[in-house]
Structure formats: C-alpha cells, structure tokens
file data.pdb (PDB, C-alpha atoms)
ATOM      1  CA  MET V   1     108.635 116.212  41.753
ATOM      2  CA  THR V   2     110.605 119.241  40.611
ATOM      3  CA  GLY V   3     107.741 120.173  38.295
ATOM      4  CA  LEU V   4     105.305 120.271  41.192
ATOM      5  CA  ILE V   5     107.660 122.274  43.414
ATOM      6  CA  SER V   6     108.143 124.791  40.614
ATOM      7  CA  LEU V   7     104.392 125.376  40.580
ATOM      8  CA  LEU V   8     104.525 126.378  44.235
ATOM      9  CA  GLN V   9     107.416 128.848  43.961
ATOM     10  CA  ASP V  10     107.241 130.974  47.147
ATOM     11  CA  GLU V  11     104.575 128.887  48.922
ATOM     12  CA  GLU V  12     107.001 126.971  51.158
ATOM     13  CA  ILE V  13     106.149 127.275  54.860
ATOM     14  CA  GLN V  14     108.981 128.750  56.919
ATOM     15  CA  ASP V  15     107.173 129.451  60.207
ATOM     16  CA  PRO V  16     104.467 127.004  61.394
ATOM     17  CA  ASP V  17     103.174 129.499  63.981
ATOM     18  CA  GLU V  18     102.654 132.157  61.312
ATOM     19  CA  GLU V  19     101.050 129.627  58.973
ATOM     20  CA  CYS V  20      98.552 128.604  61.634
ATOM     21  CA  PHE V  21      97.715 132.243  62.429
ATOM     22  CA  ILE V  22      97.085 133.018  58.747
ATOM     23  CA  LEU V  23      94.867 129.972  58.286
ATOM     24  CA  PHE V  24      92.642 130.638  61.265
ATOM     25  CA  SER V  25      92.386 134.357  60.569
ATOM     26  CA  SER V  26      90.394 133.508  57.425
ATOM     27  CA  LYS V  27      88.470 130.563  58.877
ATOM     28  CA  PRO V  28      84.669 130.917  58.527
ATOM     29  CA  ASP V  29      82.798 131.150  61.820
ATOM     30  CA  ASN V  30      79.994 128.792  60.926
ATOM     31  CA  ARG V  31      81.919 125.557  60.426
ATOM     32  CA  ASP V  32      80.510 122.405  62.008
ATOM     33  CA  LEU V  33      82.560 119.326  62.835
ATOM     34  CA  GLY V  34      82.617 118.323  59.202
ATOM     35  CA  PHE V  35      80.537 115.151  58.993
ATOM     36  CA  VAL V  36      78.787 114.495  55.706
ATOM     37  CA  SER V  37      76.075 113.081  57.977
ATOM     38  CA  ARG V  38      76.357 112.260  61.645
ATOM     39  CA  THR V  39      73.252 110.051  61.828
ATOM     40  CA  ASP V  40      72.640 108.334  58.465
ATOM     41  CA  SER V  41      73.753 104.730  58.031
ATOM     42  CA  THR V  42      74.323 105.360  54.308
ATOM     43  CA  VAL V  43      75.315 108.511  52.420
ATOM     44  CA  SER V  44      75.601 109.174  48.691
ATOM     45  CA  VAL V  45      78.475 111.110  47.149
ATOM     46  CA  THR V  46      79.344 111.921  43.548
ATOM     47  CA  ILE V  47      82.980 112.218  42.520
ATOM     48  CA  ASN V  48      83.272 113.694  39.021
ATOM     49  CA  SER V  49      80.302 111.770  37.575
ATOM     50  CA  HIS V  50      80.838 108.596  39.621
ATOM     51  CA  ASP V  51      78.152 107.926  42.242
ATOM     52  CA  PHE V  52      79.029 106.023  45.408
ATOM     53  CA  THR V  53      76.784 104.782  48.197
ATOM     54  CA  ILE V  54      78.783 104.716  51.403
ATOM     55  CA  HIS V  55      77.845 102.752  54.521
ATOM     56  CA  GLN V  56      78.622 104.377  57.867
ATOM     57  CA  ALA V  57      78.559 103.331  61.530
ATOM     58  CA  PRO V  58      77.257 106.489  63.248
ATOM     59  CA  SER V  59      76.540 104.641  66.491
ATOM     60  CA  LEU V  60      80.284 104.205  66.950
ATOM     61  CA  LEU V  61      80.685 107.976  67.346
ATOM     62  CA  THR V  62      79.025 107.791  70.760
ATOM     63  CA  SER V  63      80.679 104.561  71.845
ATOM     64  CA  THR V  64      83.287 104.336  74.587
ATOM     65  CA  ARG V  65      86.065 102.865  72.445
ATOM     66  CA  GLU V  66      89.342 104.160  73.874
ATOM     67  CA  THR V  67      91.246 103.939  70.576
ATOM     68  CA  GLY V  68      88.999 106.308  68.605
ATOM     69  CA  THR V  69      85.796 106.338  66.582
ATOM     70  CA  THR V  70      86.282 109.133  64.045
ATOM     71  CA  GLY V  71      86.778 106.731  61.145
ATOM     72  CA  ALA V  72      83.220 105.438  61.489
ATOM     73  CA  VAL V  73      81.709 108.165  59.288
ATOM     74  CA  LEU V  74      82.572 110.101  56.138
ATOM     75  CA  TRP V  75      84.027 113.591  56.596
ATOM     76  CA  LYS V  76      83.348 116.430  54.173
ATOM     77  CA  VAL V  77      86.940 117.103  53.168
ATOM     78  CA  THR V  78      87.312 113.572  51.765
ATOM     79  CA  PRO V  79      84.907 113.860  48.787
ATOM     80  CA  LEU V  80      86.221 117.394  48.120
ATOM     81  CA  LEU V  81      89.782 116.074  47.950
ATOM     82  CA  ALA V  82      88.756 113.112  45.798
ATOM     83  CA  ALA V  83      86.804 115.318  43.366
ATOM     84  CA  TRP V  84      89.640 117.834  43.076
ATOM     85  CA  MET V  85      92.383 115.235  42.661
ATOM     86  CA  THR V  86      90.530 113.304  39.950
ATOM     87  CA  HIS V  87      89.286 116.340  38.009
ATOM     88  CA  PRO V  88      90.690 116.384  34.438
ATOM     89  CA  SER V  89      91.955 119.959  34.865
ATOM     90  CA  ASN V  90      93.991 119.227  37.982
ATOM     91  CA  ILE V  91      97.628 119.870  37.082
ATOM     92  CA  VAL V  92      98.842 118.699  40.503
ATOM     93  CA  THR V  93      97.581 115.190  39.813
ATOM     94  CA  LYS V  94      99.483 115.072  36.546
ATOM     95  CA  HIS V  95     102.692 115.626  38.498
ATOM     96  CA  ILE V  96     102.097 113.150  41.338
ATOM     97  CA  LEU V  97      99.797 110.340  40.129
ATOM     98  CA  LYS V  98     101.088 108.011  37.423
ATOM     99  CA  ASN V  99      99.983 104.550  36.367
ATOM    100  CA  THR V 100     103.131 103.216  38.044
ATOM    101  CA  SER V 101     102.541 105.024  41.359
ATOM    102  CA  THR V 102     102.084 103.384  44.749
ATOM    103  CA  VAL V 103      99.845 105.293  47.187
ATOM    104  CA  VAL V 104      99.338 104.765  50.922
ATOM    105  CA  GLU V 105      96.352 106.365  52.638
ATOM    106  CA  LEU V 106      96.583 106.869  56.392
ATOM    107  CA  GLY V 107      93.375 106.960  58.405
ATOM    108  CA  ALA V 108      91.232 105.733  55.527
ATOM    109  CA  GLY V 109      88.250 105.170  57.812
ATOM    110  CA  THR V 110      85.300 103.134  56.610
ATOM    111  CA  SER V 111      84.263 104.998  53.451
ATOM    112  CA  GLY V 112      86.822 104.009  50.799
ATOM    113  CA  VAL V 113      86.013 107.173  48.800
ATOM    114  CA  LEU V 114      89.634 108.125  48.144
ATOM    115  CA  ALA V 115      90.654 104.563  47.295
ATOM    116  CA  LEU V 116      87.741 104.131  44.886
ATOM    117  CA  SER V 117      88.456 107.489  43.250
ATOM    118  CA  PHE V 118      92.260 107.302  42.967
ATOM    119  CA  SER V 119      92.941 103.644  42.286
ATOM    120  CA  SER V 120      92.252 103.802  38.552
ATOM    121  CA  PHE V 121      95.065 106.373  38.227
ATOM    122  CA  VAL V 122      97.802 104.339  39.947
ATOM    123  CA  SER V 123      99.443 100.925  40.098
ATOM    124  CA  LYS V 124      98.708 100.137  43.764
ATOM    125  CA  TYR V 125      96.642 101.805  46.489
ATOM    126  CA  PHE V 126      96.978 100.798  50.148
ATOM    127  CA  ALA V 127      94.082 101.925  52.357
ATOM    128  CA  THR V 128      95.092 101.707  56.030
ATOM    129  CA  ASP V 129      93.440 102.242  59.391
ATOM    130  CA  GLN V 130      92.754 100.569  62.728
ATOM    131  CA  ASP V 131      91.079  97.157  62.706
ATOM    132  CA  TYR V 132      87.639  98.439  63.736
ATOM    133  CA  CYS V 133      87.295 100.318  60.410
ATOM    134  CA  LEU V 134      88.313  97.546  58.064
ATOM    135  CA  LYS V 135      85.184  95.362  57.878
ATOM    136  CA  LEU V 136      82.990  98.262  56.762
ATOM    137  CA  LEU V 137      85.757  99.601  54.523
ATOM    138  CA  ARG V 138      85.858  96.246  52.714
ATOM    139  CA  LYS V 139      82.084  96.329  52.314
ATOM    140  CA  ASN V 140      82.133  99.829  50.808
ATOM    141  CA  LEU V 141      84.914  98.953  48.395
ATOM    142  CA  SER V 142      83.242  95.721  47.358
ATOM    143  CA  GLU V 143      79.741  97.120  46.843
ATOM    144  CA  ASN V 144      80.834 100.252  45.019
ATOM    145  CA  SER V 145      83.225  98.326  42.778
ATOM    146  CA  SER V 146      80.635  95.807  41.631
ATOM    147  CA  SER V 147      77.733  98.220  41.241
ATOM    148  CA  SER V 148      76.569  98.866  37.684
ATOM    149  CA  GLU V 149      74.873 102.084  38.759
ATOM    150  CA  VAL V 150      77.839 104.337  37.961
ATOM    151  CA  SER V 151      76.367 107.558  36.645
ATOM    152  CA  THR V 152      77.517 109.838  33.854
ATOM    153  CA  GLN V 153      76.996 113.546  33.368
ATOM    154  CA  SER V 154      74.996 112.983  30.186
ATOM    155  CA  LYS V 155      71.211 113.084  30.272
ATOM    156  CA  GLY V 156      69.307 109.856  30.624
ATOM    157  CA  ARG V 157      70.403 106.405  31.672
ATOM    158  CA  PRO V 158      73.719 105.173  30.203
ATOM    159  CA  SER V 159      73.492 102.416  27.619
ATOM    160  CA  ALA V 160      74.074  98.828  28.687
ATOM    161  CA  SER V 161      77.453  98.791  26.922
ATOM    162  CA  LYS V 162      78.586 101.965  28.724
ATOM    163  CA  ARG V 163      77.402 100.624  32.086
ATOM    164  CA  SER V 164      79.270  97.376  31.435
ATOM    165  CA  LYS V 165      82.446  99.231  30.485
ATOM    166  CA  ARG V 166      82.304 101.442  33.562
ATOM    167  CA  THR V 167      81.607  98.442  35.806
ATOM    168  CA  THR V 168      84.642  96.637  34.343
ATOM    169  CA  GLU V 169      86.844  99.709  34.815
ATOM    170  CA  THR V 170      85.694 100.143  38.416
ATOM    171  CA  SER V 171      86.232  96.449  39.197
ATOM    172  CA  GLN V 172      89.728  96.599  37.720
ATOM    173  CA  ALA V 173      90.471  99.654  39.849
ATOM    174  CA  ARG V 174      89.245  97.765  42.933
ATOM    175  CA  GLU V 175      91.804  95.019  42.257
ATOM    176  CA  LYS V 176      94.562  97.583  42.771
ATOM    177  CA  ILE V 177      93.381  98.343  46.323
ATOM    178  CA  THR V 178      94.822  96.549  49.351
ATOM    179  CA  ILE V 179      93.385  97.092  52.830
ATOM    180  CA  LEU V 180      95.913  96.967  55.656
ATOM    181  CA  PRO V 181      95.634  97.404  59.435
ATOM    182  CA  LEU V 182      97.936 100.197  60.553
ATOM    183  CA  ASP V 183      97.812 101.835  63.978
ATOM    184  CA  TRP V 184     100.179 104.813  64.108
ATOM    185  CA  GLN V 185     100.900 104.201  67.781
ATOM    186  CA  LEU V 186     101.478 100.452  67.569
ATOM    187  CA  THR V 187     102.541  99.442  64.058
ATOM    188  CA  GLU V 188     106.081  99.499  62.679
ATOM    189  CA  VAL V 189     105.558 100.061  58.953
ATOM    190  CA  SER V 190     108.723  98.131  58.151
ATOM    191  CA  SER V 191     107.014  95.042  59.586
ATOM    192  CA  ILE V 192     104.146  95.131  57.050
ATOM    193  CA  PRO V 193     104.961  92.480  54.389
ATOM    194  CA  ASP V 194     102.894  94.134  51.643
ATOM    195  CA  LEU V 195     105.006  97.287  51.820
ATOM    196  CA  LYS V 196     108.466  95.700  51.993
ATOM    197  CA  ASP V 197     109.093  95.734  48.255
ATOM    198  CA  LYS V 198     107.234  98.948  47.426
ATOM    199  CA  ILE V 199     108.632 102.409  46.796
ATOM    200  CA  ILE V 200     105.849 104.673  48.028
ATOM    201  CA  ASN V 201     105.221 107.669  45.803
ATOM    202  CA  LEU V 202     102.366 109.342  47.665
ATOM    203  CA  ILE V 203     101.043 109.308  51.241
ATOM    204  CA  ILE V 204      97.553 110.755  51.762
ATOM    205  CA  ALA V 205      95.966 111.810  55.045
ATOM    206  CA  ALA V 206      92.491 113.367  54.955
ATOM    207  CA  ASP V 207      91.112 114.856  58.179
ATOM    208  CA  CYS V 208      93.495 112.895  60.389
ATOM    209  CA  ILE V 209      94.601 115.801  62.606
ATOM    210  CA  TYR V 210      92.183 116.075  65.508
ATOM    211  CA  ASN V 211      93.979 114.833  68.621
ATOM    212  CA  GLU V 212      97.246 116.328  69.838
ATOM    213  CA  SER V 213      98.332 113.039  71.418
ATOM    214  CA  LEU V 214      98.320 111.434  67.939
ATOM    215  CA  VAL V 215     100.423 114.121  66.245
ATOM    216  CA  ASP V 216     103.837 112.585  66.926
ATOM    217  CA  PRO V 217     102.796 109.004  66.033
ATOM    218  CA  LEU V 218     101.207 110.279  62.800
ATOM    219  CA  VAL V 219     104.298 112.258  61.771
ATOM    220  CA  ASP V 220     106.588 109.365  62.742
ATOM    221  CA  THR V 221     104.532 107.041  60.535
ATOM    222  CA  MET V 222     104.818 109.496  57.641
ATOM    223  CA  VAL V 223     108.586 109.634  58.145
ATOM    224  CA  ASP V 224     108.906 105.830  58.271
ATOM    225  CA  LEU V 225     106.823 105.386  55.123
ATOM    226  CA  SER V 226     108.841 108.072  53.313
ATOM    227  CA  LYS V 227     112.062 106.260  54.174
ATOM    228  CA  LEU V 228     110.741 102.817  53.297
ATOM    229  CA  ASN V 229     112.542 101.384  50.244
ATOM    230  CA  LYS V 230     113.818 104.856  49.365
ATOM    231  CA  ASP V 231     115.992 104.927  46.251
ATOM    232  CA  GLU V 232     119.264 106.288  47.649
ATOM    233  CA  SER V 233     120.783 106.463  44.159
ATOM    234  CA  ASP V 234     118.267 109.112  43.060
ATOM    235  CA  LYS V 235     120.407 112.248  43.321
ATOM    236  CA  ASP V 236     117.674 114.475  41.835
ATOM    237  CA  HIS V 237     115.091 113.335  44.422
ATOM    238  CA  GLU V 238     112.541 112.588  41.704
ATOM    239  CA  SER V 239     111.547 109.411  43.557
ATOM    240  CA  ASP V 240     111.012 111.161  46.916
ATOM    241  CA  THR V 241     107.761 110.301  48.644
ATOM    242  CA  LEU V 242     105.230 113.123  48.632
ATOM    243  CA  VAL V 243     102.905 113.548  51.625
ATOM    244  CA  LEU V 244      99.542 115.230  50.977
ATOM    245  CA  ILE V 245      97.416 116.340  53.935
ATOM    246  CA  ALA V 246      93.893 117.744  53.596
ATOM    247  CA  GLN V 247      92.342 119.094  56.753
ATOM    248  CA  GLU V 248      89.346 120.957  58.107
ATOM    249  CA  LEU V 249      90.354 123.865  60.323
ATOM    250  CA  ARG V 250      89.088 123.124  63.820
ATOM    251  CA  SER V 251      91.508 123.505  66.712
ATOM    252  CA  PRO V 252      94.375 125.978  66.202
ATOM    253  CA  ASP V 253      96.329 124.312  69.006
ATOM    254  CA  VAL V 254      96.153 120.844  67.448
ATOM    255  CA  LEU V 255      96.978 122.086  63.950
ATOM    256  CA  GLU V 256      99.867 124.173  65.268
ATOM    257  CA  ALA V 257     101.259 121.132  67.098
ATOM    258  CA  PHE V 258     101.026 119.106  63.901
ATOM    259  CA  LEU V 259     102.586 121.768  61.667
ATOM    260  CA  LYS V 260     105.519 122.172  64.069
ATOM    261  CA  ALA V 261     106.148 118.412  64.224
ATOM    262  CA  PHE V 262     105.650 117.956  60.477
ATOM    263  CA  HIS V 263     107.795 120.977  59.561
ATOM    264  CA  ALA V 264     110.637 119.663  61.729
ATOM    265  CA  LYS V 265     110.880 116.533  59.546
ATOM    266  CA  PHE V 266     109.523 117.707  56.164
ATOM    267  CA  ARG V 267     109.745 120.647  53.821
ATOM    268  CA  VAL V 268     106.151 121.911  53.707
ATOM    269  CA  TRP V 269     104.066 123.868  51.205
ATOM    270  CA  ARG V 270     100.454 125.029  51.342
ATOM    271  CA  LEU V 271      98.667 124.592  48.018
ATOM    272  CA  PRO V 272      97.452 127.990  46.728
ATOM    273  CA  ASP V 273      94.095 128.840  45.186
ATOM    274  CA  LYS V 274      95.504 128.853  41.647
ATOM    275  CA  LEU V 275      95.798 125.057  41.849
ATOM    276  CA  PHE V 276      92.150 124.608  42.901
ATOM    277  CA  LYS V 277      90.509 126.906  40.377
ATOM    278  CA  ASP V 278      88.893 125.374  37.284
ATOM    279  CA  CYS V 279      88.757 121.986  39.033
ATOM    280  CA  GLY V 280      85.020 121.696  39.595
ATOM    281  CA  ASP V 281      83.161 121.613  42.887
ATOM    282  CA  GLY V 282      86.018 119.837  44.655
ATOM    283  CA  GLY V 283      88.476 122.588  43.796
ATOM    284  CA  ARG V 284      86.018 125.351  44.695
ATOM    285  CA  GLY V 285      85.372 123.680  48.034
ATOM    286  CA  LEU V 286      89.064 123.839  48.964
ATOM    287  CA  LEU V 287      89.689 127.509  48.171
ATOM    288  CA  GLU V 288      91.114 129.829  50.847
ATOM    289  CA  GLY V 289      88.414 130.818  53.311
ATOM    290  CA  SER V 290      86.529 127.545  52.838
ATOM    291  CA  GLY V 291      87.565 126.205  56.232
ATOM    292  CA  TYR V 292      89.819 123.569  54.631
ATOM    293  CA  VAL V 293      93.505 123.499  53.799
ATOM    294  CA  VAL V 294      95.805 121.222  51.786
ATOM    295  CA  HIS V 295      99.530 120.938  52.547
ATOM    296  CA  ILE V 296     102.204 118.807  50.926
ATOM    297  CA  GLY V 297     105.536 117.749  52.361
ATOM    298  CA  ILE V 298     108.792 116.095  51.302
ATOM    299  CA  LEU V 299     111.143 114.510  53.844
ATOM    300  CA  ARG V 300     114.090 116.745  54.687
TER     301      ARG V 300
END
call {"tool": "encode", "arguments": {"input": "data.pdb", "output": "structure tokens"}}
result
Amino acid sequence: MTGLISLLQDEEIQDPDEECFILFSSKPDNRDLGFVSRTDSTVSVTINSHDFTIHQAPSLLTSTRETGTTGAVLWKVTPLLAAWMTHPSNIVTKHILKNTSTVVELGAGTSGVLALSFSSFVSKYFATDQDYCLKLLRKNLSENSSSSEVSTQSKGRPSASKRSKRTTETSQAREKITILPLDWQLTEVSSIPDLKDKIINLIIAADCIYNESLVDPLVDTMVDLSKLNKDESDKDHESDTLVLIAQELRSPDVLEAFLKAFHAKFRVWRLPDKLFKDCGDGGRGLLEGSGYVVHIGILR
C-alpha cells in the first residue's frame, strides 16, 4: 500500500469541490451516456487479447423497475478499466493485485467483464449487484469461461494446444468468482456469510455514481466492507482495503455529492496520467480529458 501511495505523491484530494471543478472543466462536450450499445442484445469486447461476448438486457433500460435498470447493459468505462488494470505495463496492478488478494466488485451489473478479466490475478473475486442482474451475470461468466474462442494477438488461429491451455486457464479463473446479491440500501455486508472470514484487499466500483440518492448507501457499503475483518494488529496499514472507483463524468452535482461523502470517510487520490500511459488502449482511454476519471481511497 505504501508503494502505491508513494507513486501518487501530491495527488491526494484535499477539496472535493475544487476536484469536481477541475474534472468538469476538461470534460469533452460530446460525451454520450456511455453505453457500449444501448440496443444490442450481445456486444463483443476485447481485453488485452481476450475476446468476450457479453449478453445484455437493453429492454430493461426502458422498464419501470423502481430499484434501477442501469446494470442491464455494459458501460464503456468497464472494458477500459479492465484493459488498463490487466495490461502487463500497469504498475498500479502490481501494487494492489496479488494471487492472495480478495476483491469485491460493487454494482457488477450483468456483463462480468471485470470479474472475467481480474480473477486470474487474485485468490477470490466477489461480483455483487441487485438480484435482477445476477441471472444474466451468471450466464456471461459461464459462457465466456467455457468458450474455446479466446483470441491471441498473433496472426492466424491459435493451435489446438494453445486454445486448450487458454480455456483451462479461463475456467480456473472462473472458479475464483463468486456472485453475491448485495443491495447498498438494504444489505448489511456483515450478514453475508461468504465475506465473514475474508479480509478484503480491493473494492471496485465502475460507473456506479449516477443517482444522488444512492451516494450515501454506496459510501456506507464501502466503509462497511473496508472495516470487515480488518487486521487491527497491522500498524503499518499494509492490509488496509483499497477502494478503486472509475467513473464517466456526467452530472457535476452527483459527482460532487459523492466526492464530499467519500472524502469525509476516506483519504482520496485521483490517478494521474503517468499511471495510464504505456498501458494500451485501456490506459489511453482513461487519460485526462477523456471524460473518465479514476479515484482510489483508503479508510481514514
């Protein structure tokens, strides 16, 4: 943890209002809502040479469900984050993802892209969301884990032995993933049996900040997860839970409300461009001025 913080040096956020002003002053004018596709029932994404076919439920976006529908489709920041985090040149990943790590994703939606991409790097990956997302999430994880059509960057079709090896690796990674129902407004994380004996190393939230009424429940959930099974004997804070938030810049009011609530409970840093450069298309897509931002936080 100290190694990662040393990389950030003077990047710690002191004033959430100022941070929000800076972010939106460089926001491009032509951003859409950030769907990969609003209408297609399946979309294809490539994460550092791995191809995934993701099923969506676009009809849910226009439904009258009172508890939300945004998880029904894949959002653009998710494959960018996955590609950046799993790029071999990403020095941030080397500090925060280890083969012993436990990761919890909040608002995983239906796609499973982050779980499929990250799980081979860690010991356990918990993908969480409301119940309505979980059936399609299971389908995406199952189909993309068992598929032998995992591409490589080399020309031509991979040999049968390489396809078999990649299929085995992907299936093994899938075994590390657990899907859990978690509603920020209704669920006490301490009541989830699967998490009771886990020290959580990383919490991920990708494009979860869109509704001001959900800000406090989201931050409270992050706090509860960060406190869960915390090692109180760790005087150097090396076992502190890290929270990573990737977000498209949409509403300044909603983001400001989140940053204020998050900053009140967590020390917060914005990741600078130097940590995205040389990390492929994912890193380039997250550079300043892209319309996206990545923050990290550690419980105060």
call {"tool": "closest_residue", "arguments": {"input": "data.pdb", "among": "V:Ser49, V:Ser251, V:Ser213, V:Ser290", "to": "Ala82 of chain V", "atoms": "all atoms listed in the file"}}
result
V:Ser49
call {"tool": "resolve_selection", "arguments": {"input": "data.pdb", "expression": "the PyMOL selection byres ((chain V and resi 257) around 10)", "output": "compact mmCIF listing (two decimals) with C-alpha atoms, keeping the file's coordinate frame"}}
result
# COMPACT_ATOMS: atom_id res chain seq x y z
CA PRO V 16 104.47 127.00 61.39
CA ASP V 17 103.17 129.50 63.98
CA CYS V 20 98.55 128.60 61.63
CA ILE V 209 94.60 115.80 62.61
CA ASN V 211 93.98 114.83 68.62
CA GLU V 212 97.25 116.33 69.84
CA SER V 213 98.33 113.04 71.42
CA VAL V 215 100.42 114.12 66.24
CA ASP V 216 103.84 112.58 66.93
CA PRO V 252 94.38 125.98 66.20
CA ASP V 253 96.33 124.31 69.01
CA VAL V 254 96.15 120.84 67.45
CA LEU V 255 96.98 122.09 63.95
CA GLU V 256 99.87 124.17 65.27
CA PHE V 258 101.03 119.11 63.90
CA LEU V 259 102.59 121.77 61.67
CA LYS V 260 105.52 122.17 64.07
CA ALA V 261 106.15 118.41 64.22
CA PHE V 262 105.65 117.96 60.48
CA HIS V 263 107.80 120.98 59.56
call {"tool": "resolve_selection", "arguments": {"input": "data.pdb", "expression": "the PyMOL selection byres ((chain V and resi 112-115) around 9)", "output": "list in words"}}
result
Val45, Ile47, Phe52, Ile54, Leu74, Thr78, Pro79, Leu81, Ala82, Glu105, Ala108, Gly109, Thr110, Ser111, Leu116, Ser117, Phe118, Ser119, Ser120, Tyr125, Phe126, Ala127, Leu137, Arg138, Asn140, Leu141, Ala173, Arg174 and Ile177 of chain V
call {"tool": "write_last_selection", "arguments": {"input": "data.pdb", "atoms": "C-alpha atoms", "output": "mmCIF file, in the frame of the given file"}}
result
data_model
loop_
_atom_site.group_PDB
_atom_site.id
_atom_site.type_symbol
_atom_site.label_atom_id
_atom_site.label_comp_id
_atom_site.auth_asym_id
_atom_site.auth_seq_id
_atom_site.Cartn_x
_atom_site.Cartn_y
_atom_site.Cartn_z
ATOM 1 C CA VAL V 45 78.475 111.110 47.149
ATOM 2 C CA ILE V 47 82.980 112.218 42.520
ATOM 3 C CA PHE V 52 79.029 106.023 45.408
ATOM 4 C CA ILE V 54 78.783 104.716 51.403
ATOM 5 C CA LEU V 74 82.572 110.101 56.138
ATOM 6 C CA THR V 78 87.312 113.572 51.765
ATOM 7 C CA PRO V 79 84.907 113.860 48.787
ATOM 8 C CA LEU V 81 89.782 116.074 47.950
ATOM 9 C CA ALA V 82 88.756 113.112 45.798
ATOM 10 C CA GLU V 105 96.352 106.365 52.638
ATOM 11 C CA ALA V 108 91.232 105.733 55.527
ATOM 12 C CA GLY V 109 88.250 105.170 57.812
ATOM 13 C CA THR V 110 85.300 103.134 56.610
ATOM 14 C CA SER V 111 84.263 104.998 53.451
ATOM 15 C CA LEU V 116 87.741 104.131 44.886
ATOM 16 C CA SER V 117 88.456 107.489 43.250
ATOM 17 C CA PHE V 118 92.260 107.302 42.967
ATOM 18 C CA SER V 119 92.941 103.644 42.286
ATOM 19 C CA SER V 120 92.252 103.802 38.552
ATOM 20 C CA TYR V 125 96.642 101.805 46.489
ATOM 21 C CA PHE V 126 96.978 100.798 50.148
ATOM 22 C CA ALA V 127 94.082 101.925 52.357
ATOM 23 C CA LEU V 137 85.757 99.601 54.523
ATOM 24 C CA ARG V 138 85.858 96.246 52.714
ATOM 25 C CA ASN V 140 82.133 99.829 50.808
ATOM 26 C CA LEU V 141 84.914 98.953 48.395
ATOM 27 C CA ALA V 173 90.471 99.654 39.849
ATOM 28 C CA ARG V 174 89.245 97.765 42.933
ATOM 29 C CA ILE V 177 93.381 98.343 46.323
#
call {"tool": "resolve_selection", "arguments": {"input": "data.pdb", "expression": "the PyMOL selection byres ((chain V and resi 7) around 10)", "output": "VMD selection string"}}
result
chain V and resid 2 to 6 8 to 11 91 to 92 271 to 272 274 to 275
call {"tool": "closest_atom_pairs", "arguments": {"input": "data.pdb", "of": "segment 201-288 of chain V", "to": "segment 189-195 of chain V", "cutoff": "10 Å", "atoms": "only C-alpha atoms", "output": "tab-separated table"}}
result
residue	atom	partner	partner_atom	distance
V:Thr221	CA	V:Val189	CA	7.2
V:Met222	CA	V:Val189	CA	9.6
V:Asp224	CA	V:Val189	CA	6.7
V:Leu225	CA	V:Val189	CA	6.7
V:Lys227	CA	V:Ser190	CA	9.6
V:Leu228	CA	V:Ser190	CA	7.0
V:Asn229	CA	V:Leu195	CA	8.7
call {"tool": "write_last_selection", "arguments": {"input": "data.pdb", "atoms": "C-alpha atoms", "output": "compact mmCIF listing (two decimals), keeping the file's coordinate frame"}}
result
# COMPACT_ATOMS: atom_id res chain seq x y z
CA THR V 221 104.53 107.04 60.54
CA MET V 222 104.82 109.50 57.64
CA ASP V 224 108.91 105.83 58.27
CA LEU V 225 106.82 105.39 55.12
CA LYS V 227 112.06 106.26 54.17
CA LEU V 228 110.74 102.82 53.30
CA ASN V 229 112.54 101.38 50.24
call {"tool": "residues_around", "arguments": {"input": "data.pdb", "residues": "Glu12 of chain V", "least_positions_apart": "4", "cutoff": "10 Å", "atoms": "only C-alpha atoms", "output": "PyMOL selection string"}}
result
chain V and resi 5+8+267-271+295-297
call {"tool": "closest_residue", "arguments": {"input": "data.pdb", "among": "V:Asn99, V:Asn48, V:Ser123, V:Thr93", "to": "Lys176 of chain V", "atoms": "only C-alpha atoms"}}
result
V:Ser123
call {"tool": "residues_around", "arguments": {"input": "data.pdb", "residues": "Asn90 of chain V", "least_positions_apart": "5", "cutoff": "7 Å", "atoms": "all atoms listed in the file", "output": "PyMOL selection string"}}
result
chain V and resi 84-85+279
call {"tool": "atom_distance", "arguments": {"input": "data.pdb", "atom1": "atom CA of Arg300 of chain V", "atom2": "atom CA of Ser239 of chain V"}}
result
13.6 Å
call {"tool": "atom_distance", "arguments": {"input": "data.pdb", "atom1": "atom CA of Ile199 of chain V", "atom2": "atom CA of Asp240 of chain V"}}
result
9.1 Å
call {"tool": "closest_residue", "arguments": {"input": "data.pdb", "among": "V:Asp40, V:Asp231, V:Asp131, V:Glu143", "to": "Val73 of chain V", "atoms": "only C-alpha atoms"}}
result
V:Asp40
call {"tool": "residues_around", "arguments": {"input": "data.pdb", "residues": "Ala57 of chain V", "least_positions_apart": "3", "cutoff": "9 Å", "atoms": "only C-alpha atoms", "output": "compact mmCIF listing (two decimals) with C-alpha atoms, in the coordinates of the input"}}
result
# COMPACT_ATOMS: atom_id res chain seq x y z
CA THR V 39 73.25 110.05 61.83
CA ASP V 40 72.64 108.33 58.46
CA SER V 41 73.75 104.73 58.03
CA THR V 42 74.32 105.36 54.31
CA LEU V 60 80.28 104.20 66.95
CA LEU V 61 80.68 107.98 67.35
CA GLY V 71 86.78 106.73 61.14
CA ALA V 72 83.22 105.44 61.49
CA VAL V 73 81.71 108.16 59.29
CA THR V 110 85.30 103.13 56.61
CA LEU V 136 82.99 98.26 56.76
call {"tool": "atom_distance", "arguments": {"input": "data.pdb", "atom1": "atom CA of Gln14 of chain V", "atom2": "atom CA of Ile245 of chain V"}}
result
17.2 Å
call {"tool": "decode", "arguments": {"input": "data.pdb", "residues": "segment 221-234 of chain V", "atoms": "C-alpha atoms", "output": "JSON list (two decimals), in the first residue's frame"}}
result
[["chain", "number", "residue", "atom", "x", "y", "z"],
["V", 221, "THR", "CA", -21.21, 0.00, 1.95],
["V", 222, "MET", "CA", -17.62, 0.85, 1.04],
["V", 223, "VAL", "CA", -16.94, 1.79, 4.67],
["V", 224, "ASP", "CA", -18.51, -1.43, 6.00],
["V", 225, "LEU", "CA", -16.54, -3.59, 3.57],
["V", 226, "SER", "CA", -13.31, -1.76, 4.44],
["V", 227, "LYS", "CA", -13.89, -2.45, 8.13],
["V", 228, "LEU", "CA", -14.90, -6.06, 7.63],
["V", 229, "ASN", "CA", -12.33, -8.44, 9.16],
["V", 230, "LYS", "CA", -9.79, -5.61, 9.29],
["V", 231, "ASP", "CA", -6.45, -6.65, 10.77],
["V", 232, "GLU", "CA", -6.19, -4.31, 13.76],
["V", 233, "SER", "CA", -2.66, -5.52, 14.52],
["V", 234, "ASP", "CA", -1.33, -4.11, 11.24]]
